[in-house]
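One file, entry_31.txt, carrying compact mmCIF, N, CA, C and O atoms:
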```
# COMPACT_ATOMS: atom_id res chain seq x y z
N TRP O 1 73.25 105.38 104.72
CA TRP O 1 72.66 106.68 104.96
C TRP O 1 71.29 106.75 104.31
O TRP O 1 71.12 106.33 103.17
N THR O 2 70.38 107.36 104.99
CA THR O 2 69.08 107.62 104.38
C THR O 2 69.09 109.07 103.89
O THR O 2 69.94 109.86 104.28
N LEU O 3 68.15 109.38 103.05
CA LEU O 3 68.05 110.74 102.54
C LEU O 3 67.90 111.74 103.69
O LEU O 3 68.53 112.78 103.70
N LYS O 4 67.10 111.39 104.68
CA LYS O 4 66.88 112.28 105.80
C LYS O 4 68.19 112.56 106.55
O LYS O 4 68.49 113.70 106.88
N GLN O 5 69.01 111.54 106.78
CA GLN O 5 70.25 111.73 107.50
C GLN O 5 71.25 112.56 106.68
O GLN O 5 71.90 113.42 107.21
N SER O 6 71.35 112.29 105.40
CA SER O 6 72.35 112.97 104.60
C SER O 6 72.00 114.44 104.34
O SER O 6 72.88 115.24 104.08
N SER O 7 70.72 114.79 104.42
CA SER O 7 70.34 116.17 104.17
C SER O 7 70.33 117.01 105.45
O SER O 7 70.13 118.21 105.39
N ALA O 8 70.53 116.37 106.59
CA ALA O 8 70.52 117.09 107.86
C ALA O 8 71.79 117.94 107.98
O ALA O 8 72.84 117.60 107.44
N ALA O 9 71.66 119.03 108.72
CA ALA O 9 72.82 119.89 108.96
C ALA O 9 73.85 119.12 109.78
O ALA O 9 73.48 118.30 110.63
N PRO O 10 75.15 119.35 109.54
CA PRO O 10 76.17 118.65 110.33
C PRO O 10 76.09 119.03 111.80
O PRO O 10 75.63 120.13 112.15
N LEU O 11 76.53 118.13 112.64
CA LEU O 11 76.55 118.40 114.07
C LEU O 11 77.64 119.44 114.38
O LEU O 11 78.66 119.51 113.69
N GLU O 12 77.41 120.21 115.45
CA GLU O 12 78.38 121.24 115.83
C GLU O 12 79.76 120.64 116.07
O GLU O 12 80.77 121.19 115.66
N LYS O 13 79.82 119.48 116.72
CA LYS O 13 81.12 118.86 117.01
C LYS O 13 81.85 118.47 115.72
O LYS O 13 83.08 118.54 115.67
N ASP O 14 81.11 118.08 114.69
CA ASP O 14 81.73 117.73 113.42
C ASP O 14 82.28 118.98 112.71
O ASP O 14 83.36 118.94 112.12
N ILE O 15 81.54 120.07 112.79
CA ILE O 15 82.01 121.34 112.22
C ILE O 15 83.27 121.79 112.96
O ILE O 15 84.27 122.17 112.34
N GLN O 16 83.24 121.70 114.28
CA GLN O 16 84.41 122.08 115.08
C GLN O 16 85.62 121.23 114.72
O GLN O 16 86.74 121.75 114.61
N SER O 17 85.41 119.95 114.54
CA SER O 17 86.51 119.05 114.19
C SER O 17 87.15 119.44 112.86
O SER O 17 88.39 119.49 112.74
N ARG O 18 86.33 119.75 111.86
CA ARG O 18 86.86 120.18 110.56
C ARG O 18 87.65 121.48 110.70
O ARG O 18 88.71 121.65 110.09
N ILE O 19 87.12 122.40 111.49
CA ILE O 19 87.78 123.68 111.70
C ILE O 19 89.12 123.48 112.40
O ILE O 19 90.15 124.04 111.99
N MET O 20 89.14 122.66 113.45
CA MET O 20 90.38 122.41 114.18
C MET O 20 91.43 121.77 113.28
O MET O 20 92.60 122.15 113.31
N THR O 21 91.04 120.79 112.49
CA THR O 21 91.97 120.13 111.57
C THR O 21 92.58 121.15 110.62
O THR O 21 93.80 121.16 110.39
N TYR O 22 91.75 122.00 110.07
CA TYR O 22 92.23 123.03 109.14
C TYR O 22 93.18 124.01 109.83
O TYR O 22 94.29 124.26 109.34
N LEU O 23 92.76 124.57 110.97
CA LEU O 23 93.58 125.57 111.65
C LEU O 23 94.93 124.99 112.06
O LEU O 23 95.96 125.66 111.96
N ARG O 24 94.93 123.74 112.51
CA ARG O 24 96.19 123.11 112.92
C ARG O 24 97.09 122.79 111.73
O ARG O 24 98.28 122.53 111.92
N SER O 25 96.53 122.83 110.53
CA SER O 25 97.34 122.57 109.33
C SER O 25 98.02 123.83 108.80
O SER O 25 98.90 123.74 107.94
N ILE O 26 97.64 124.98 109.30
CA ILE O 26 98.22 126.25 108.83
C ILE O 26 99.58 126.44 109.49
O ILE O 26 99.67 126.51 110.73
N PRO O 27 100.64 126.52 108.69
CA PRO O 27 101.97 126.75 109.27
C PRO O 27 102.00 128.04 110.09
O PRO O 27 101.52 129.08 109.64
N GLY O 28 102.49 127.95 111.31
CA GLY O 28 102.61 129.13 112.16
C GLY O 28 101.38 129.45 112.98
O GLY O 28 101.41 130.36 113.80
N ALA O 29 100.30 128.72 112.78
CA ALA O 29 99.08 128.96 113.57
C ALA O 29 99.07 128.06 114.80
O ALA O 29 99.59 126.94 114.77
N PHE O 30 98.49 128.55 115.88
CA PHE O 30 98.29 127.75 117.09
C PHE O 30 96.81 127.81 117.43
O PHE O 30 96.26 128.88 117.67
N ALA O 31 96.16 126.65 117.40
CA ALA O 31 94.70 126.59 117.63
C ALA O 31 94.38 125.64 118.76
O ALA O 31 95.06 124.64 118.97
N TRP O 32 93.31 125.97 119.50
CA TRP O 32 92.84 125.10 120.56
C TRP O 32 91.35 125.25 120.73
O TRP O 32 90.76 126.23 120.29
N LYS O 33 90.74 124.26 121.36
CA LYS O 33 89.31 124.27 121.61
C LYS O 33 89.08 124.68 123.05
O LYS O 33 89.70 124.13 123.96
N ALA O 34 88.21 125.64 123.25
CA ALA O 34 87.84 126.05 124.60
C ALA O 34 86.88 125.02 125.18
O ALA O 34 86.05 124.47 124.46
N HIS O 35 87.03 124.76 126.46
CA HIS O 35 86.15 123.80 127.12
C HIS O 35 85.20 124.55 128.03
O HIS O 35 85.60 125.38 128.84
N ALA O 36 83.92 124.27 127.88
CA ALA O 36 82.89 124.94 128.67
C ALA O 36 82.76 124.29 130.03
O ALA O 36 83.06 123.12 130.21
N GLY O 37 82.29 125.05 130.96
CA GLY O 37 81.99 124.51 132.29
C GLY O 37 83.19 124.52 133.22
O GLY O 37 84.29 124.91 132.85
N GLY O 38 82.95 124.10 134.44
CA GLY O 38 84.01 124.09 135.44
C GLY O 38 84.08 125.40 136.18
O GLY O 38 83.61 126.43 135.71
N ILE O 39 84.72 125.35 137.32
CA ILE O 39 84.75 126.55 138.16
C ILE O 39 85.70 127.63 137.64
O ILE O 39 85.58 128.78 138.02
N TYR O 40 86.64 127.23 136.79
CA TYR O 40 87.59 128.21 136.27
C TYR O 40 87.26 128.68 134.86
O TYR O 40 87.98 129.50 134.29
N ALA O 41 86.20 128.17 134.28
CA ALA O 41 85.82 128.55 132.92
C ALA O 41 85.15 129.92 132.91
O ALA O 41 84.50 130.31 133.88
N THR O 42 85.33 130.64 131.83
CA THR O 42 84.67 131.92 131.63
C THR O 42 83.51 131.69 130.66
O THR O 42 83.72 131.20 129.55
N GLY O 43 82.32 132.01 131.08
CA GLY O 43 81.15 131.80 130.24
C GLY O 43 81.19 132.63 128.96
O GLY O 43 81.70 133.75 128.96
N GLY O 44 80.70 132.04 127.88
CA GLY O 44 80.57 132.76 126.63
C GLY O 44 81.80 132.74 125.74
O GLY O 44 81.76 133.28 124.64
N ILE O 45 82.91 132.12 126.21
CA ILE O 45 84.12 132.08 125.38
C ILE O 45 83.82 131.24 124.13
O ILE O 45 83.25 130.16 124.22
N PRO O 46 84.20 131.74 122.96
CA PRO O 46 83.96 130.98 121.73
C PRO O 46 84.60 129.59 121.76
O PRO O 46 85.58 129.34 122.46
N ASP O 47 84.04 128.69 120.94
CA ASP O 47 84.44 127.28 120.93
C ASP O 47 85.88 127.05 120.50
O ASP O 47 86.58 126.20 121.06
N VAL O 48 86.31 127.75 119.46
CA VAL O 48 87.62 127.51 118.87
C VAL O 48 88.40 128.82 118.87
O VAL O 48 87.91 129.86 118.44
N LEU O 49 89.64 128.74 119.35
CA LEU O 49 90.53 129.90 119.42
C LEU O 49 91.79 129.60 118.62
O LEU O 49 92.26 128.46 118.60
N CYS O 50 92.34 130.62 118.00
CA CYS O 50 93.53 130.44 117.18
C CYS O 50 94.33 131.74 117.17
O CYS O 50 93.76 132.82 117.04
N VAL O 51 95.64 131.60 117.32
CA VAL O 51 96.53 132.74 117.13
C VAL O 51 97.28 132.50 115.84
O VAL O 51 97.88 131.43 115.63
N TYR O 52 97.20 133.47 114.95
CA TYR O 52 97.83 133.37 113.65
C TYR O 52 98.32 134.75 113.23
O TYR O 52 97.56 135.72 113.26
N LYS O 53 99.60 134.82 112.90
CA LYS O 53 100.23 136.08 112.50
C LYS O 53 100.00 137.18 113.52
O LYS O 53 99.70 138.33 113.19
N GLY O 54 100.09 136.82 114.80
CA GLY O 54 99.98 137.79 115.88
C GLY O 54 98.57 138.24 116.20
O GLY O 54 98.38 139.15 117.01
N LYS O 55 97.58 137.61 115.62
CA LYS O 55 96.19 138.00 115.85
C LYS O 55 95.42 136.84 116.45
O LYS O 55 95.60 135.70 116.05
N LEU O 56 94.55 137.16 117.41
CA LEU O 56 93.69 136.15 118.01
C LEU O 56 92.39 136.05 117.22
O LEU O 56 91.70 137.06 117.00
N PHE O 57 92.09 134.85 116.78
CA PHE O 57 90.82 134.55 116.13
C PHE O 57 89.99 133.72 117.10
O PHE O 57 90.50 132.78 117.72
N ALA O 58 88.73 134.07 117.25
CA ALA O 58 87.82 133.36 118.15
C ALA O 58 86.56 133.02 117.36
O ALA O 58 85.89 133.92 116.85
N PHE O 59 86.26 131.73 117.27
CA PHE O 59 85.13 131.27 116.47
C PHE O 59 84.09 130.58 117.34
O PHE O 59 84.38 129.56 117.96
N GLU O 60 82.90 131.15 117.38
CA GLU O 60 81.76 130.49 118.02
C GLU O 60 81.09 129.65 116.94
O GLU O 60 80.57 130.19 115.96
N VAL O 61 81.13 128.35 117.09
CA VAL O 61 80.64 127.44 116.06
C VAL O 61 79.17 127.09 116.35
O VAL O 61 78.83 126.68 117.46
N LYS O 62 78.35 127.27 115.34
CA LYS O 62 76.92 126.94 115.43
C LYS O 62 76.52 126.11 114.23
O LYS O 62 77.08 126.26 113.13
N ARG O 63 75.53 125.26 114.42
CA ARG O 63 74.93 124.57 113.28
C ARG O 63 74.19 125.61 112.45
O ARG O 63 73.70 126.62 112.99
N PRO O 64 74.10 125.42 111.14
CA PRO O 64 73.34 126.37 110.32
C PRO O 64 71.93 126.58 110.88
O PRO O 64 71.26 125.62 111.26
N GLY O 65 71.54 127.84 110.97
CA GLY O 65 70.22 128.18 111.48
C GLY O 65 70.17 128.43 112.98
O GLY O 65 69.18 128.92 113.49
N ARG O 66 71.25 128.12 113.69
CA ARG O 66 71.29 128.34 115.14
C ARG O 66 71.92 129.69 115.43
O ARG O 66 72.75 130.19 114.68
N LYS O 67 71.53 130.28 116.55
CA LYS O 67 72.01 131.60 116.95
C LYS O 67 72.82 131.51 118.24
O LYS O 67 72.54 130.66 119.09
N PRO O 68 73.79 132.40 118.43
CA PRO O 68 74.52 132.43 119.70
C PRO O 68 73.64 132.96 120.83
O PRO O 68 72.68 133.68 120.57
N THR O 69 74.01 132.62 122.05
CA THR O 69 73.29 133.14 123.21
C THR O 69 73.67 134.61 123.41
O THR O 69 74.66 135.10 122.83
N ALA O 70 72.92 135.28 124.26
CA ALA O 70 73.23 136.68 124.57
C ALA O 70 74.62 136.79 125.19
O ALA O 70 75.37 137.72 124.88
N LEU O 71 74.99 135.85 126.05
CA LEU O 71 76.31 135.86 126.68
C LEU O 71 77.40 135.66 125.62
O LEU O 71 78.43 136.34 125.65
N GLN O 72 77.18 134.76 124.69
CA GLN O 72 78.16 134.54 123.62
C GLN O 72 78.31 135.79 122.76
O GLN O 72 79.43 136.18 122.42
N GLU O 73 77.22 136.43 122.41
CA GLU O 73 77.27 137.67 121.62
C GLU O 73 78.03 138.76 122.36
O GLU O 73 78.84 139.48 121.78
N ALA O 74 77.77 138.89 123.67
CA ALA O 74 78.45 139.91 124.47
C ALA O 74 79.95 139.63 124.55
O ALA O 74 80.77 140.56 124.45
N THR O 75 80.32 138.36 124.69
CA THR O 75 81.73 138.00 124.77
C THR O 75 82.42 138.26 123.43
O THR O 75 83.54 138.78 123.40
N ILE O 76 81.77 137.94 122.33
CA ILE O 76 82.32 138.22 121.00
C ILE O 76 82.55 139.72 120.84
O ILE O 76 83.60 140.15 120.34
N SER O 77 81.62 140.53 121.28
CA SER O 77 81.77 141.99 121.20
C SER O 77 82.97 142.46 122.01
O SER O 77 83.74 143.32 121.56
N LYS O 78 83.14 141.91 123.21
CA LYS O 78 84.28 142.30 124.06
C LYS O 78 85.60 141.87 123.44
O LYS O 78 86.58 142.61 123.50
N LEU O 79 85.63 140.68 122.86
CA LEU O 79 86.85 140.22 122.19
C LEU O 79 87.21 141.15 121.02
O LEU O 79 88.38 141.52 120.86
N CYS O 80 86.22 141.52 120.24
CA CYS O 80 86.46 142.43 119.11
C CYS O 80 86.96 143.79 119.60
O CYS O 80 87.89 144.36 119.02
N ALA O 81 86.36 144.29 120.67
CA ALA O 81 86.78 145.58 121.22
C ALA O 81 88.22 145.53 121.72
O ALA O 81 88.93 146.54 121.71
N ALA O 82 88.68 144.34 122.13
CA ALA O 82 90.05 144.18 122.62
C ALA O 82 91.04 143.90 121.49
O ALA O 82 92.23 143.74 121.74
N GLY O 83 90.55 143.82 120.25
CA GLY O 83 91.44 143.66 119.11
C GLY O 83 91.44 142.29 118.46
O GLY O 83 92.16 142.06 117.49
N ALA O 84 90.66 141.35 118.97
CA ALA O 84 90.57 140.02 118.37
C ALA O 84 89.64 140.05 117.17
O ALA O 84 88.85 140.99 117.00
N VAL O 85 89.73 139.02 116.36
CA VAL O 85 88.77 138.79 115.29
C VAL O 85 87.87 137.68 115.81
O VAL O 85 88.30 136.54 115.95
N ALA O 86 86.65 138.02 116.17
CA ALA O 86 85.73 137.05 116.77
C ALA O 86 84.45 137.01 115.96
O ALA O 86 83.85 138.06 115.69
N LYS O 87 84.05 135.80 115.56
CA LYS O 87 82.90 135.64 114.69
C LYS O 87 82.12 134.38 115.04
O LYS O 87 82.66 133.41 115.55
N VAL O 88 80.83 134.40 114.70
CA VAL O 88 80.00 133.19 114.72
C VAL O 88 80.15 132.56 113.34
O VAL O 88 80.00 133.24 112.33
N VAL O 89 80.46 131.26 113.31
CA VAL O 89 80.64 130.56 112.04
C VAL O 89 79.80 129.29 112.03
O VAL O 89 79.49 128.73 113.08
N THR O 90 79.43 128.87 110.82
CA THR O 90 78.64 127.65 110.68
C THR O 90 79.32 126.62 109.78
O THR O 90 78.74 125.57 109.53
N SER O 91 80.54 126.93 109.33
CA SER O 91 81.22 126.00 108.43
C SER O 91 82.71 126.32 108.37
O SER O 91 83.14 127.42 108.78
N LEU O 92 83.46 125.39 107.83
CA LEU O 92 84.89 125.61 107.59
C LEU O 92 85.07 126.75 106.59
O LEU O 92 85.99 127.56 106.74
N ASP O 93 84.22 126.84 105.59
CA ASP O 93 84.32 127.93 104.61
C ASP O 93 84.21 129.29 105.28
O ASP O 93 84.91 130.23 104.90
N ASP O 94 83.32 129.41 106.28
CA ASP O 94 83.20 130.67 107.02
C ASP O 94 84.54 131.04 107.66
O ASP O 94 84.98 132.19 107.60
N VAL O 95 85.20 130.06 108.28
CA VAL O 95 86.48 130.30 108.94
C VAL O 95 87.53 130.73 107.93
O VAL O 95 88.27 131.70 108.15
N LYS O 96 87.59 130.04 106.80
CA LYS O 96 88.56 130.40 105.76
C LYS O 96 88.35 131.84 105.29
O LYS O 96 89.31 132.57 105.06
N GLN O 97 87.09 132.25 105.14
CA GLN O 97 86.78 133.61 104.70
C GLN O 97 87.21 134.64 105.75
O GLN O 97 87.75 135.70 105.40
N VAL O 98 86.99 134.35 107.02
CA VAL O 98 87.37 135.27 108.10
C VAL O 98 88.88 135.45 108.12
O VAL O 98 89.39 136.57 108.19
N ILE O 99 89.62 134.35 108.02
CA ILE O 99 91.07 134.43 108.05
C ILE O 99 91.60 135.15 106.82
O ILE O 99 92.48 136.01 106.91
N ALA O 100 91.05 134.87 105.65
CA ALA O 100 91.46 135.53 104.41
C ALA O 100 91.21 137.03 104.49
O ALA O 100 92.06 137.84 104.08
N ALA O 101 90.07 137.43 105.03
CA ALA O 101 89.74 138.86 105.15
C ALA O 101 90.71 139.56 106.11
O ALA O 101 91.11 140.70 105.86
N ALA O 102 91.08 138.90 107.19
CA ALA O 102 91.99 139.50 108.16
C ALA O 102 93.43 139.50 107.66
O ALA O 102 94.22 140.33 108.06
N ASP O 103 93.73 138.57 106.78
CA ASP O 103 95.08 138.43 106.23
C ASP O 103 95.37 139.53 105.21
O ASP O 103 96.52 139.84 104.94
N GLY O 104 94.29 140.09 104.66
CA GLY O 104 94.40 141.20 103.74
C GLY O 104 95.00 140.86 102.45
O GLY O 104 95.48 141.45 101.64
```
Would you write out, as structure tokens, the structure that this file holds?
Amino acid sequence: WTLKQSSAAPLEKDIQSRIMTYLRSIPGAFAWKAHAGGIYATGGIPDVLCVYKGKLFAFEVKRPGRKPTALQEATISKLCAAGAVAKVVTSLDDVKQVIAAADG
């Protein structure tokens, strides 16, 4: 590794992988990754979805410093209005904080 490589922000797929590993390790949680594209896909659906303790969590994963698209923001708002916990996250720590806050 060079200094430049090690100081770079992690790739979105690597962040998603860490999040999926964590969510799948939680007893009683069911997590899956949404796949973009295709004729049956719904645009703007967050990357990672999880049902835990009867609540739907939806995580739009971004690299640090990146912003969601307008469609992603609108979809997150609709999910929240329907009772889900939907957030933009940039790390596994963000996900842990969201779940802890919802767990009360």
Atom-to-atom span, atom O of Met20 of chain O and atom CA of Leu92 of chain O, Å: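 About the pair atom O of Met20 of chain O and atom CA of Leu92 of chain O: they are 10.2 Å apart.
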Which residues of segment 8-62 of chain O sit at most 4.5 Å from segment 83-87 of chain O, using only N, CA, C and O atoms? Give each one's shortest atom pair and distance in Å (one decimal place), in chain and ascending residue order, as CSV.
```
residue,atom,partner,partner_atom,distance
O:Leu56,O,O:Val85,N,2.9
O:Phe57,CA,O:Val85,O,3.2
O:Ala58,N,O:Val85,O,2.8
O:Phe59,CA,O:Lys87,O,3.4
O:Glu60,N,O:Lys87,O,2.9
```
Interatomic distance (Å, one decimal) between atom CA of Glu73 of chain O and atom C of Ile26 of chain O: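 One can read the atom CA of Glu73 of chain O to atom C of Ile26 of chain O distance as 27.8 Å.
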Distance in Å - atom CA of Val98 of chain O versus atom CA of Tyr40 of chain O: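 Atom-to-atom, atom CA of Val98 of chain O to atom CA of Tyr40 of chain O, that is 29.0 Å.
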Spatial neighbours of Ala102 of chain O, max dist 8 Å, only N, CA, C and O atoms, sep filter under 5 positions, as a list in words: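 Those residues are Tyr52, Lys53, Val85, Val95, Lys96 and Gln97 of chain O.
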Shortest interatomic distance to Val48 of chain O - which of O:Ala29, O:Ala101, O:Ile19, O:Ala74, counting all atoms listed in the file: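 Using all atoms listed in the file, the shortest distance to Val48 of chain O belongs to O:Ile19.
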In chain O, DSSP strand (DSSP E or B) residues written as a VMD selection string: chain O and resid 30 to 33 48 to 52 55 to 61 85 to 89
Polymer residues at most 12 Å from Ala70 of chain O, only C-alpha atoms, same-chain spacing of 3 or more positions, as a count of residues only: 9
Among the residues O:Pro68, O:Ala81, O:Val88, O:Lys62, the one that comes closest to Gln16 of chain O [using all atoms listed in the file]: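 For Gln16 of chain O, the nearest of the candidates is O:Lys62.
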Selected residue, from O:Val51, O:Pro46, O:Glu12, O:Ala41, that lies nearest to Arg24 of chain O when counting only C-alpha atoms: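 Residue with the minimum atom-to-atom distance to Arg24 of chain O: O:Val51.
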Backbone DSSP call of helix (DSSP H, G or I) for segment 21-75 of chain O, listed as a list in words: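 Filtering segment 21-75 of chain O down to helix (DSSP H, G or I) leaves Thr21, Tyr22, Leu23, Arg24, Ser25, Ala70, Leu71, Gln72, Glu73, Ala74 and Thr75 of chain O.
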Proximity to Val61 of chain O - best of O:Ser25, O:Trp32, O:Val89, O:Leu79, only N, CA, C and O atoms: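 Closest to Val61 of chain O of all the choices is O:Val89.
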So that I can look at just that part, could you write segment 58-68 of chain O with all heavy atoms, as a CSV table (one decimal), in the first residue's frame?
```csv
chain,number,residue,atom,x,y,z
O,58,ALA,N,-33.5,0.9,5.9
O,58,ALA,CA,-33.1,1.1,4.5
O,58,ALA,C,-31.9,2.1,4.5
O,58,ALA,O,-32.0,3.2,5.0
O,58,ALA,CB,-34.2,1.7,3.7
O,59,PHE,N,-30.7,1.6,4.0
O,59,PHE,CA,-29.5,2.3,4.1
O,59,PHE,C,-29.0,2.6,2.7
O,59,PHE,O,-28.7,1.7,1.9
O,59,PHE,CB,-28.4,1.6,4.9
O,59,PHE,CG,-28.8,1.3,6.3
O,59,PHE,CD1,-29.1,0.0,6.7
O,59,PHE,CD2,-28.8,2.3,7.2
O,59,PHE,CE1,-29.5,-0.3,8.0
O,59,PHE,CE2,-29.1,2.0,8.6
O,59,PHE,CZ,-29.5,0.7,8.9
O,60,GLU,N,-28.9,3.9,2.3
O,60,GLU,CA,-28.3,4.3,1.1
O,60,GLU,C,-26.8,4.6,1.4
O,60,GLU,O,-26.5,5.4,2.2
O,60,GLU,CB,-28.9,5.6,0.6
O,60,GLU,CG,-28.3,6.1,-0.7
O,60,GLU,CD,-28.3,5.1,-1.8
O,60,GLU,OE1,-29.3,4.4,-2.0
O,60,GLU,OE2,-27.3,5.0,-2.6
O,61,VAL,N,-26.0,3.7,0.9
O,61,VAL,CA,-24.5,3.8,1.2
O,61,VAL,C,-23.8,4.7,0.2
O,61,VAL,O,-23.9,4.6,-1.0
O,61,VAL,CB,-23.9,2.4,1.2
O,61,VAL,CG1,-22.5,2.4,1.5
O,61,VAL,CG2,-24.7,1.4,2.1
O,62,LYS,N,-23.1,5.6,0.8
O,62,LYS,CA,-22.3,6.6,0.0
O,62,LYS,C,-20.8,6.6,0.6
O,62,LYS,O,-20.6,6.4,1.8
O,62,LYS,CB,-22.8,8.0,0.1
O,62,LYS,CG,-24.2,8.1,-0.6
O,62,LYS,CD,-24.1,7.9,-2.1
O,62,LYS,CE,-25.4,8.1,-2.8
O,62,LYS,NZ,-25.3,7.6,-4.2
O,63,ARG,N,-19.9,6.9,-0.3
O,63,ARG,CA,-18.5,7.2,0.2
O,63,ARG,C,-18.6,8.5,0.9
O,63,ARG,O,-19.4,9.4,0.6
O,63,ARG,CB,-17.6,7.2,-1.0
O,63,ARG,CG,-17.4,5.9,-1.8
O,63,ARG,CD,-16.5,6.1,-2.9
O,63,ARG,NE,-15.1,6.1,-2.4
O,63,ARG,CZ,-14.0,6.3,-3.2
O,63,ARG,NH1,-14.2,6.6,-4.4
O,63,ARG,NH2,-12.8,6.3,-2.6
O,64,PRO,N,-17.7,8.6,1.9
O,64,PRO,CA,-17.6,9.9,2.6
O,64,PRO,C,-17.5,11.1,1.6
O,64,PRO,O,-16.7,11.0,0.7
O,64,PRO,CB,-16.4,9.8,3.5
O,64,PRO,CG,-16.3,8.3,3.7
O,64,PRO,CD,-16.7,7.7,2.4
O,65,GLY,N,-18.3,12.1,1.8
O,65,GLY,CA,-18.3,13.3,0.9
O,65,GLY,C,-19.2,13.2,-0.3
O,65,GLY,O,-19.4,14.2,-0.9
O,66,ARG,N,-19.8,12.1,-0.5
O,66,ARG,CA,-20.7,11.9,-1.6
O,66,ARG,C,-22.2,12.2,-1.1
O,66,ARG,O,-22.5,11.9,0.0
O,66,ARG,CB,-20.6,10.5,-2.3
O,66,ARG,CG,-19.3,10.2,-2.8
O,66,ARG,CD,-19.0,10.9,-4.1
O,66,ARG,NE,-17.7,10.7,-4.6
O,66,ARG,CZ,-17.3,9.8,-5.6
O,66,ARG,NH1,-18.2,9.0,-6.1
O,66,ARG,NH2,-16.1,9.8,-6.0
O,67,LYS,N,-23.0,12.6,-2.0
O,67,LYS,CA,-24.4,12.9,-1.7
O,67,LYS,C,-25.3,12.0,-2.5
O,67,LYS,O,-25.0,11.6,-3.6
O,67,LYS,CB,-24.7,14.4,-2.1
O,67,LYS,CG,-23.8,15.4,-1.4
O,67,LYS,CD,-24.2,15.6,0.0
O,67,LYS,CE,-23.3,16.7,0.7
O,67,LYS,NZ,-23.3,16.6,2.1
O,68,PRO,N,-26.5,11.7,-1.9
O,68,PRO,CA,-27.5,11.0,-2.7
O,68,PRO,C,-28.1,11.8,-3.8
O,68,PRO,O,-28.1,13.0,-3.8
O,68,PRO,CB,-28.5,10.6,-1.6
O,68,PRO,CG,-28.4,11.7,-0.6
O,68,PRO,CD,-27.0,12.1,-0.6
```
